[in-house]
Structures are given as C-alpha cells and as structure tokens.
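So the structure is just underneath, and the comments pick up after that.
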Amino acid sequence: MFKANFGFMGLGVMGHMLALNMERNGFHVAGYDIDAEKVKAFGTKYPAKNLAAFDTLEKFLAALERPRRIMMMVPAGKPVDGAIASIRDFLEPGDLLIDGGNTFFMDTERRSKELEARGIIYIGTGVSGGEQGALWGPSLMPGGQPEAWELVKPIFEAISAKVQGEPCVAYMGPRGAGHYVKMVHNGIEYGDMQLIAEAYDILHRSLGLDNARLHEVFAEWNRGELESYLVEITADIFTKHDPETGQAVVDLILDEAQQKGTGKWTSQNSLDLGAPTPTINAAVESRIVSAYKEERVAASKVLTGPEPKVSDDAENVIAWVRDALYAAKICSYAQGFGLMRAASKEYGYNLNYGEIARIWRGGCIIRARFLNDIRQAFVRNPDLSNLMVDPEFAQGLNARQLPLRRVVALAADNGIPALAFSSALAYYDAYRSARLPANLTQAQRDYFGAHTYRRVDREGVFHTEWTPE
C-alpha cells in the first residue's frame with residue numbers, strides 16, 4: 001500500500017510544484033484537494049512518480065506514514081481555518097500540520113495555540129520564490145515548536161534553494177515567527193520594487209532613456225553590487241515586445257500596481273511596535289496612489305509642476321542613480337531588520353538575523369548579492385542595533401549618501417515622484433541626527449495637553465504652565 005512521507009492539502013500551483021520538488025528529491029508524496037479536477041490531473045499526469053492524489057480526507061490520511069506531516073497550501077484567511085476544521089478531528093497527538101500560505105502572523109499565533117491544546121504540532125512556514133521557486137528550490141521560513149522543525153528539517157533542507165551548498169531554510173522561532181519573517185520579507189520586497197521603479201522613472205524621464213538602453217543599464221547593474229533577482233528581471237522586462245503591436249510590453253501595462261496585503265501588514269505592525277519603516281511605508285503608499293488612476297489623470301490637467309528636462313550628463317546621472325539605489329536599499333533593509341528586532345523582543349521570537357539573511361540569499365524574491373554582506377554584519381555583531389552602523393555598511397553609505405541626495409534633488413527639480421528614495425534619505429538623515437526637532441513637538445504636546453517632557457540638563461519629568469493665569 002502507498003505510504004507517503006508527506007502530504008499536501010491544496011493542489012493549486014504552489015502545492016503542485018512543491019509536491020513535484022519533494023518527489024524529485026526522493027520523498028513519497030500524497031495530495032488532496034476539494035477540487036476533483038485538480039485531484040484527477042495530479043494523479044494521472046505523473047503515473048511513474050512517487051505521487052498519489054486522493055479525493056477524500058480518509059484516503060489521504062490513510063496514505064500517510066505516522067506521525068503524519070501535512071502542509072496546507074490554501075489561500076490565507078478563512079480558507080485556512082476551514083481546512084484546519086475539516087481535518088483536525090482526524091489527526092492524532094504528534095501529527096504535524098503546516099500552513100505554507102502568506103498568512104498574517106497573528107492568525108498563526110492563534111492557530112498554533114489552539115492546535116497545541118489538542119496535541120497537534122503546528123508550523124507556519126513562509127515560502128518565497130513563486131512558482132519556479134516552489135518547483136526548483138524556494139526559501140523557506142518555518143516557525144513553530146522545535147520538535148515540529150525536527151520533523152520537517154530533512155525534507156525542507158532537501159527541497160530548498162542552495163547557495164554555496166547551504167540550504168535556504170532555517171528554524172525561525174516559536175508560533176508565528178516564520179510567518180512574521182515572511183511578512184517582513186515581503187515588506188522589504190515592496191521597498192525594493194518601488195526603489196527600482198523610481199530609478200526607472202528617473203532614468204526614463206530625466207534622461208530620455210529608451211527601453212533598449214534601460215535594459216543595458218539594469219543588466220550592467222546586475223553584474224555588480226546591485227546583483228539581485230529583481231534587478232535581473234527588470235533588465236529582462238525591457239526586452240519583451242507585444243507580438244500584436246510590436247510595442248514594448250512594459251509600455252502597454254496600466255500604471256496601477258496591485259497588492260495582496262503583506263506589505264500593508266508590515267507597515268501596520270511597524271506602527272504597532274514603534275519601529276520606523278518609512279521606505280516600506282512609502283512603497284505601500286505608492287501602490288495605493290497608483291490605484292487612483294482616473295483622479296491622477298484629472299489632476300494632471302489642473303495641477304502644475306516642472307516639466308522634466310533631459311540632462312546632457314547621462315553617464316553621471318546613471319552612476320548617481322546606481323549608487324543611490326544601493327544606498328536606499330541598505331536603508332530599506334535596515335528598516336526591515338530593525339522591525340524584526342523590535343518584534344523579536346515583543347513576541348519572544350529570539351530571531352537570528354544572520355540566519356535570516358543567509359536563507360534569503362537564494363530562492364526568494366529579494367535574493368541579492370549583498371545579503372552575504374548583511375549576514376556577515378550580524379555574524380560580526382549579533383546585537384547590531386541598526387544595519388547602517390555596521391562598519392562596512394556605514395562606509396558604503398557614507399560613500400553614497402551624496403549621490404542619493406543628488407537623485408532626490410534631481411527628482412524634485414523635475415517633478416518626478418520619488419517617495420521611496422526620499423524616505424530612505426530622510427531616514428538616513430534622521431537616524432544620524434544627534435538632535436531632532438522632537439523637543440518642539442513635545443513642547444506642543446505639553447502646551448495643549450499637559451503631557452509633560454524630559455529635560456536635557458536634569459533627570460525627571462516636567463510640565464510647564466505655558467499661558468499666564
């Protein structure tokens with residue numbers, strides 16, 4: 001009788017591809033889906049492989065070795081609760097249930113506690129890399145009980161991406177830690193994508209670069225310190241032409257960026273924890289503004305601004321934008337890791353930031369060369385307060401802060417919106433400022449609400465009577 005090492009609930013694209021990846025790496029895999037067509041396709045398409053698909057939970061569960069390891073690949077939210085409700089009464093103490101979707105970490109916290117009370121161990125696993133990553137090697141971010149990690153460690157290490165022989169997976173921490181790290185990964189991804197989009201907009205509008213030249217610029221950047229998956233695919237995008245019109249596909253796409261919510265969750269949680277993430281927030285806000293297409297078109301006929309002037313100093317501007325992009329990315333990653341630092345303390349996750357940087361080097365959407373440098377920064381100092389003050393990154397920022405200022409000024413002078421670049425520079429300047437104007441803010445709060453303040457010259461809490469009696 002067929003006995004599978006691992007089971008998937010949900011045979012959509014991601015579940016299907018992860019199952020194939022697992023089978024290719026020597027494991028027997030069972031699948032189940034409420035959609036009979038998906039079950040049929042899964043069961044008949046690969047008859048020679050160690051895969052089997054079932055149309056009932058009873059048959060599916062009977063095909064799994066004990067303790068049973070089951071990964072749910074269903075949409076986040078109520079579908080996950082529904083999947084858990086459908087299977088939990090069939091599970092036994094010691095069985096492992098895994099949520100591999102883009103789930104909000106607080107939902108994972110709740111589900112983990114509820115299932116643990118039943119003796120069922122639970123993992124919330126961030127999975128990054130998209131369809132091809134799932135098939136050929138994703139970055140995996142599992143969080144849950146340590147014994148749960150031990151049950152899946154050899155399987156997850158086998159199917160994950162590899163960089164220099166190291167698997168891009170590691171235990172993140174208890175309960176919702178894995179989904180939390182994936183949430184921040186996606187927030188950083190938002191920031192990366194917005195910075196690249198702004199770099200494209202500045203080069204296109206201030207230099208008049210066409211798509212062929214933009215391809216050359218981004219391809220060249222991808223051979224240097226900016227080497228990353230997102231820069232690589234950006235270079236590719238500029239080469240794709242629509243077969244019907246002959247035009248570049250990128251020029252035919254409506255300028256309205258959509259989102260699934262993980263970036264927004266990052267911003268919301270950063271406000272809850274009091275951890276500044278202005279570049280990630282700017283990326284979320286930029287997507288929101290882009291959705292106001294009709295209003296923007298109408299406003300463009302009423303509101304004035306400078307007409308972009310094509311610079312005759314193209315090579316210097318390209319170099320400035322390259323250095324500005326690198327500097328702004330450091331600022332954005334510093335914000336993401338700073339947020340995880342606050343969350344680790346707040347939620348008791350005990351996150352290992354060097355390990356997080358290590359597993360993000362391959363498989364995931366934000367994989368990039370300089371994640372090696374981030375990993376080394378946390379190896380040098382596991383208690384690093386902010387990535388920007390690591391000696392290596394501080395040196396890199398100091399060398400590139402002037403190009404970042406030039407790019408922000410260039411965008412402002414030409415009326416080109418650069419929310420992410422501007423926020424990164426403001427974050428850099430705020431963090432390096434020994435004194436900020438918050439003294440005036442606190443004076444205002446004390447004036448209208450008697451909220452008190454602290455002084456620079458003595459200990460204690462003070463209040464001033466600002467108006468005469």
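Chain labels run A, B, ... following the order of the structure tokens; each chain numbers its residues from 1, and ligands are numbered from 1 in the order shown.
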
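All residues of protein, DNA or RNA that reach within 12 Å of region 208-213 of chain A, judged by only C-alpha atoms and not counting those fewer than 6 positions away in the chain, are Ala199, Tyr200, Asp201, Ile202, Ala219, Glu220, Thr234, Ala235, Asp236, Ile237, Phe238, Thr239, Lys240, His241, Gln247, Ala248, Val249, Val250, Asp251, Pro308, Lys309, Val310, Ser311, Asp312, Asp313, Ala314, Glu315, Val317 and Ile318 of chain A.
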
Surrounding residues of Gly26 (chain A) excluding itself and chain neighbours under 2 positions, 9 Å, only C-alpha atoms, as a list in words: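 In the requested form, the answer reads Met22, Glu23, Arg24, His28, Asn50 and Ala158 of chain A.
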
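Closest to Ala19 (chain A) among A:Glu65, A:Glu131, A:Glu216, A:Asp457 is A:Glu131, based on only C-alpha atoms.
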
Within 9 Å of Phe393 (chain A) using only C-alpha atoms, minus same-chain residues under 4 positions, as a PDB file with all heavy atoms, in the first residue's frame:
```pdb
ATOM      1  N   ILE A 330      20.068  49.729   1.273  1.00  0.00           N
ATOM      2  CA  ILE A 330      20.635  49.496   2.605  1.00  0.00           C
ATOM      3  C   ILE A 330      19.712  50.087   3.664  1.00  0.00           C
ATOM      4  O   ILE A 330      19.417  49.446   4.681  1.00  0.00           O
ATOM      5  CB  ILE A 330      22.043  50.108   2.717  1.00  0.00           C
ATOM      6  CG1 ILE A 330      23.026  49.363   1.817  1.00  0.00           C
ATOM      7  CG2 ILE A 330      22.536  50.059   4.173  1.00  0.00           C
ATOM      8  CD1 ILE A 330      24.406  49.997   1.766  1.00  0.00           C
ATOM      9  N   ASP A 373      26.681  40.189   2.637  1.00  0.00           N
ATOM     10  CA  ASP A 373      27.259  41.231   3.483  1.00  0.00           C
ATOM     11  C   ASP A 373      26.398  41.467   4.722  1.00  0.00           C
ATOM     12  O   ASP A 373      26.929  41.713   5.815  1.00  0.00           O
ATOM     13  CB  ASP A 373      27.405  42.534   2.692  1.00  0.00           C
ATOM     14  CG  ASP A 373      28.295  42.366   1.465  1.00  0.00           C
ATOM     15  OD1 ASP A 373      29.257  41.578   1.541  1.00  0.00           O
ATOM     16  OD2 ASP A 373      28.032  43.019   0.443  1.00  0.00           O
ATOM     17  N   ILE A 374      25.073  41.399   4.556  1.00  0.00           N
ATOM     18  CA  ILE A 374      24.183  41.553   5.713  1.00  0.00           C
ATOM     19  C   ILE A 374      24.397  40.405   6.692  1.00  0.00           C
ATOM     20  O   ILE A 374      24.464  40.608   7.911  1.00  0.00           O
ATOM     21  CB  ILE A 374      22.724  41.625   5.254  1.00  0.00           C
ATOM     22  CG1 ILE A 374      22.488  42.912   4.451  1.00  0.00           C
ATOM     23  CG2 ILE A 374      21.774  41.567   6.450  1.00  0.00           C
ATOM     24  CD1 ILE A 374      21.084  43.059   3.896  1.00  0.00           C
ATOM     25  N   ALA A 377      27.484  41.045   8.619  1.00  0.00           N
ATOM     26  CA  ALA A 377      27.311  42.126   9.596  1.00  0.00           C
ATOM     27  C   ALA A 377      26.764  41.575  10.904  1.00  0.00           C
ATOM     28  O   ALA A 377      27.227  41.958  11.999  1.00  0.00           O
ATOM     29  CB  ALA A 377      26.379  43.197   9.034  1.00  0.00           C
ATOM     30  N   LEU A 387      21.503  48.133  10.929  1.00  0.00           N
ATOM     31  CA  LEU A 387      22.412  47.705   9.865  1.00  0.00           C
ATOM     32  C   LEU A 387      23.281  48.850   9.361  1.00  0.00           C
ATOM     33  O   LEU A 387      24.434  48.642   8.965  1.00  0.00           O
ATOM     34  CB  LEU A 387      21.589  47.123   8.716  1.00  0.00           C
ATOM     35  CG  LEU A 387      22.335  46.392   7.603  1.00  0.00           C
ATOM     36  CD1 LEU A 387      23.066  45.178   8.141  1.00  0.00           C
ATOM     37  CD2 LEU A 387      21.347  45.983   6.508  1.00  0.00           C
ATOM     38  N   MET A 388      22.770  50.073   9.396  1.00  0.00           N
ATOM     39  CA  MET A 388      23.504  51.211   8.858  1.00  0.00           C
ATOM     40  C   MET A 388      24.760  51.536   9.646  1.00  0.00           C
ATOM     41  O   MET A 388      25.683  52.155   9.099  1.00  0.00           O
ATOM     42  CB  MET A 388      22.608  52.453   8.799  1.00  0.00           C
ATOM     43  CG  MET A 388      21.440  52.347   7.850  1.00  0.00           C
ATOM     44  SD  MET A 388      20.604  53.944   7.582  1.00  0.00           S
ATOM     45  CE  MET A 388      20.080  54.355   9.248  1.00  0.00           C
ATOM     46  N   VAL A 389      24.831  51.138  10.920  1.00  0.00           N
ATOM     47  CA  VAL A 389      26.003  51.480  11.724  1.00  0.00           C
ATOM     48  C   VAL A 389      27.041  50.367  11.745  1.00  0.00           C
ATOM     49  O   VAL A 389      28.093  50.518  12.385  1.00  0.00           O
ATOM     50  CB  VAL A 389      25.609  51.880  13.163  1.00  0.00           C
ATOM     51  CG1 VAL A 389      24.711  53.094  13.153  1.00  0.00           C
ATOM     52  CG2 VAL A 389      24.943  50.724  13.912  1.00  0.00           C
ATOM     53  N   LEU A 397      27.488  53.567   2.944  1.00  0.00           N
ATOM     54  CA  LEU A 397      26.505  54.650   2.961  1.00  0.00           C
ATOM     55  C   LEU A 397      27.185  56.017   2.899  1.00  0.00           C
ATOM     56  O   LEU A 397      26.734  56.913   2.169  1.00  0.00           O
ATOM     57  CB  LEU A 397      25.646  54.559   4.219  1.00  0.00           C
ATOM     58  CG  LEU A 397      24.450  53.616   4.160  1.00  0.00           C
ATOM     59  CD1 LEU A 397      23.838  53.451   5.550  1.00  0.00           C
ATOM     60  CD2 LEU A 397      23.398  54.111   3.183  1.00  0.00           C
ATOM     61  N   ASN A 398      28.248  56.171   3.659  1.00  0.00           N
ATOM     62  CA  ASN A 398      28.967  57.450   3.653  1.00  0.00           C
ATOM     63  C   ASN A 398      29.481  57.791   2.254  1.00  0.00           C
ATOM     64  O   ASN A 398      29.497  58.955   1.849  1.00  0.00           O
ATOM     65  CB  ASN A 398      30.128  57.417   4.645  1.00  0.00           C
ATOM     66  CG  ASN A 398      29.663  57.390   6.088  1.00  0.00           C
ATOM     67  OD1 ASN A 398      28.534  57.799   6.389  1.00  0.00           O
ATOM     68  ND2 ASN A 398      30.517  56.922   6.977  1.00  0.00           N
TER      69      ASN A 398
END
```

Option closest in space to Ala63 (chain A), from A:Met340, A:Ala4, A:Ile188, A:Ala83 [counting only C-alpha atoms]: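 Closest residue, counting only C-alpha atoms: A:Ala4.
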
Point-to-point distance from CA of Asp89 (chain A) to CA of Arg68 (chain A), Å rounded to tenths: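 Distance reported for this atom pair: 13.5 Å.
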
Pick from A:Asp192, A:Asp446, A:Glu147, A:Glu92 nearest to Lys329 (chain A), counting only C-alpha atoms: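 Comparing A:Asp192, A:Asp446, A:Glu147, A:Glu92 against Lys329 (chain A), the winner is A:Asp192.
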
Spatial neighbours of Met71 (chain A), max dist 8 Å, only C-alpha atoms, sep filter under 4 positions, as a PyMOL selection string: chain A and resi 6-9+97-100

Write out, as a PDB file, in the first residue's frame, the residues just selected, with C-alpha atoms.
```
ATOM      1  CA  PHE A   6       4.458  13.997   3.290  1.00  0.00           C
ATOM      2  CA  GLY A   7       1.018  15.222   2.304  1.00  0.00           C
ATOM      3  CA  PHE A   8      -0.341  18.374   0.641  1.00  0.00           C
ATOM      4  CA  MET A   9      -3.815  19.796   1.189  1.00  0.00           C
ATOM      5  CA  LEU A  97       0.082  20.431  10.378  1.00  0.00           C
ATOM      6  CA  ILE A  98       1.826  23.136   8.324  1.00  0.00           C
ATOM      7  CA  ASP A  99       0.442  26.346   6.838  1.00  0.00           C
ATOM      8  CA  GLY A 100       2.532  27.274   3.789  1.00  0.00           C
TER       9      GLY A 100
END
```

Distance query Ala411 (chain A) at most 10 Å, only C-alpha atoms, self and fewer than 3 positions along chain excluded, as number ranges by chain: A: 198-199, 201-203, 205-206, 308, 405-408, 414-419, 421-422

Write the residues you've just listed into a file as a PDB file, in the first residue's frame, and include C-alpha atoms for each of them.
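Output saved as part.pdb:
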```pdb
ATOM      1  CA  GLU A 198      11.617  55.063  -9.212  1.00  0.00           C
ATOM      2  CA  ALA A 199      15.114  54.505 -10.621  1.00  0.00           C
ATOM      3  CA  ASP A 201      11.204  56.565 -13.867  1.00  0.00           C
ATOM      4  CA  ILE A 202      14.079  58.981 -13.160  1.00  0.00           C
ATOM      5  CA  LEU A 203      16.280  57.499 -15.890  1.00  0.00           C
ATOM      6  CA  ARG A 205      12.062  60.934 -17.681  1.00  0.00           C
ATOM      7  CA  SER A 206      15.189  62.909 -16.813  1.00  0.00           C
ATOM      8  CA  PRO A 308      11.245  67.119 -16.836  1.00  0.00           C
ATOM      9  CA  ARG A 405      20.933  63.441  -2.300  1.00  0.00           C
ATOM     10  CA  ARG A 406      21.580  64.311  -5.944  1.00  0.00           C
ATOM     11  CA  VAL A 407      18.981  61.823  -7.152  1.00  0.00           C
ATOM     12  CA  VAL A 408      16.335  63.032  -4.685  1.00  0.00           C
ATOM     13  CA  ASN A 414      11.942  67.546 -12.479  1.00  0.00           C
ATOM     14  CA  GLY A 415       8.621  66.902 -10.736  1.00  0.00           C
ATOM     15  CA  ILE A 416       9.221  63.143 -10.649  1.00  0.00           C
ATOM     16  CA  PRO A 417       7.672  61.487  -7.564  1.00  0.00           C
ATOM     17  CA  ALA A 418      10.293  59.555  -5.598  1.00  0.00           C
ATOM     18  CA  LEU A 419       8.603  58.605  -2.333  1.00  0.00           C
ATOM     19  CA  PHE A 421      14.202  57.401  -2.430  1.00  0.00           C
ATOM     20  CA  SER A 422      13.132  60.476  -0.450  1.00  0.00           C
TER      21      SER A 422
END
```

Exercise: Ser128 (chain A) partners within 12 Å, only C-alpha atoms, chain neighbours under 4 positions left out, as a ChimeraX atom specification: /A:14,18,100-102,132-142,160-161,168-169,178-179,181-186,189,359-367

Write the selection just made, keeping C-alpha atoms, as a CSV table (one decimal), in the first residue's frame?
```csv
chain,number,residue,atom,x,y,z
A,14,MET,CA,2.2,26.2,-5.3
A,18,LEU,CA,6.2,21.8,-4.1
A,100,GLY,CA,2.5,27.3,3.8
A,101,GLY,CA,0.5,30.3,2.7
A,102,ASN,CA,1.0,34.0,3.1
A,132,GLN,CA,9.5,28.3,-10.2
A,133,GLY,CA,11.0,28.7,-6.7
A,134,ALA,CA,8.5,26.1,-5.4
A,135,LEU,CA,9.5,23.7,-8.1
A,136,TRP,CA,13.3,24.1,-8.1
A,137,GLY,CA,14.1,25.4,-4.7
A,138,PRO,CA,12.3,28.1,-2.5
A,139,SER,CA,13.4,30.0,0.5
A,140,LEU,CA,11.6,28.5,3.5
A,141,MET,CA,10.9,30.3,6.8
A,142,PRO,CA,9.3,27.8,9.3
A,160,SER,CA,15.0,24.4,-0.5
A,161,ALA,CA,17.3,26.5,-2.7
A,168,CYS,CA,18.0,28.3,2.2
A,169,VAL,CA,15.9,27.2,5.2
A,178,GLY,CA,8.1,32.1,10.4
A,179,HIS,CA,5.1,33.9,9.0
A,181,VAL,CA,9.7,36.9,8.9
A,182,LYS,CA,8.0,36.2,5.6
A,183,MET,CA,5.8,39.3,6.2
A,184,VAL,CA,8.8,41.5,6.7
A,185,HIS,CA,10.5,39.8,3.7
A,186,ASN,CA,7.5,40.9,1.6
A,189,GLU,CA,10.3,43.3,-1.3
A,359,ILE,CA,18.3,31.9,3.8
A,360,TRP,CA,17.2,35.0,1.8
A,361,ARG,CA,20.3,34.6,-0.4
A,362,GLY,CA,18.6,32.1,-2.7
A,363,GLY,CA,15.2,31.0,-3.8
A,364,CYS,CA,13.3,34.1,-2.6
A,365,ILE,CA,12.2,37.2,-4.5
A,366,ILE,CA,14.6,39.5,-2.7
A,367,ARG,CA,17.7,37.3,-3.2
```

Residue with smallest distance to Ile356 (chain A) - pool A:Ile34, A:Leu214, A:Leu273, A:Val379, counting only C-alpha atoms: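 Looking only at the distances to Ile356 (chain A), the closest residue turns out to be A:Val379.
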
Computed interatomic separation between CA of Glu285 (chain A) and CA of Cys331 (chain A) (Å): 17.5 Å

Exercise: Glu232 (chain A) partners within 9 Å, only C-alpha atoms, chain neighbours under 6 positions left out, as a ChimeraX atom specification: /A:218-219,221-222

Could you please take those selected residues and save all heavy atoms as a compact mmCIF listing (two decimals), in the first residue's frame?
```txt
# COMPACT_ATOMS: atom_id res chain seq x y z
N PHE A 218 20.31 48.29 -16.56
CA PHE A 218 19.97 47.36 -15.48
C PHE A 218 20.76 46.06 -15.60
O PHE A 218 21.12 45.46 -14.57
CB PHE A 218 18.46 47.10 -15.46
CG PHE A 218 17.68 48.19 -14.75
CD1 PHE A 218 17.20 49.28 -15.46
CD2 PHE A 218 17.47 48.14 -13.38
CE1 PHE A 218 16.49 50.29 -14.81
CE2 PHE A 218 16.77 49.14 -12.72
CZ PHE A 218 16.28 50.22 -13.44
N ALA A 219 21.03 45.61 -16.81
CA ALA A 219 21.84 44.41 -16.99
C ALA A 219 23.26 44.64 -16.47
O ALA A 219 23.86 43.76 -15.83
CB ALA A 219 21.87 44.00 -18.46
N TRP A 221 24.09 46.86 -14.12
CA TRP A 221 23.98 46.93 -12.65
C TRP A 221 23.93 45.53 -12.04
O TRP A 221 24.48 45.29 -10.97
CB TRP A 221 22.73 47.71 -12.27
CG TRP A 221 22.81 49.18 -12.51
CD1 TRP A 221 23.89 49.88 -12.97
CD2 TRP A 221 21.77 50.15 -12.31
NE1 TRP A 221 23.59 51.22 -13.08
CE2 TRP A 221 22.29 51.42 -12.68
CE3 TRP A 221 20.46 50.07 -11.87
CZ2 TRP A 221 21.54 52.58 -12.60
CZ3 TRP A 221 19.69 51.23 -11.80
CH2 TRP A 221 20.23 52.46 -12.16
N ASN A 222 23.28 44.61 -12.75
CA ASN A 222 23.14 43.25 -12.20
C ASN A 222 24.44 42.46 -12.22
O ASN A 222 24.51 41.39 -11.65
CB ASN A 222 22.06 42.49 -12.99
CG ASN A 222 21.59 41.25 -12.25
OD1 ASN A 222 21.22 41.31 -11.08
ND2 ASN A 222 21.62 40.12 -12.93
```

Expected answer as a ChimeraX atom specification: strand (DSSP E) residues in region 139-359 of chain A: /A:139-144,162-163,166-167
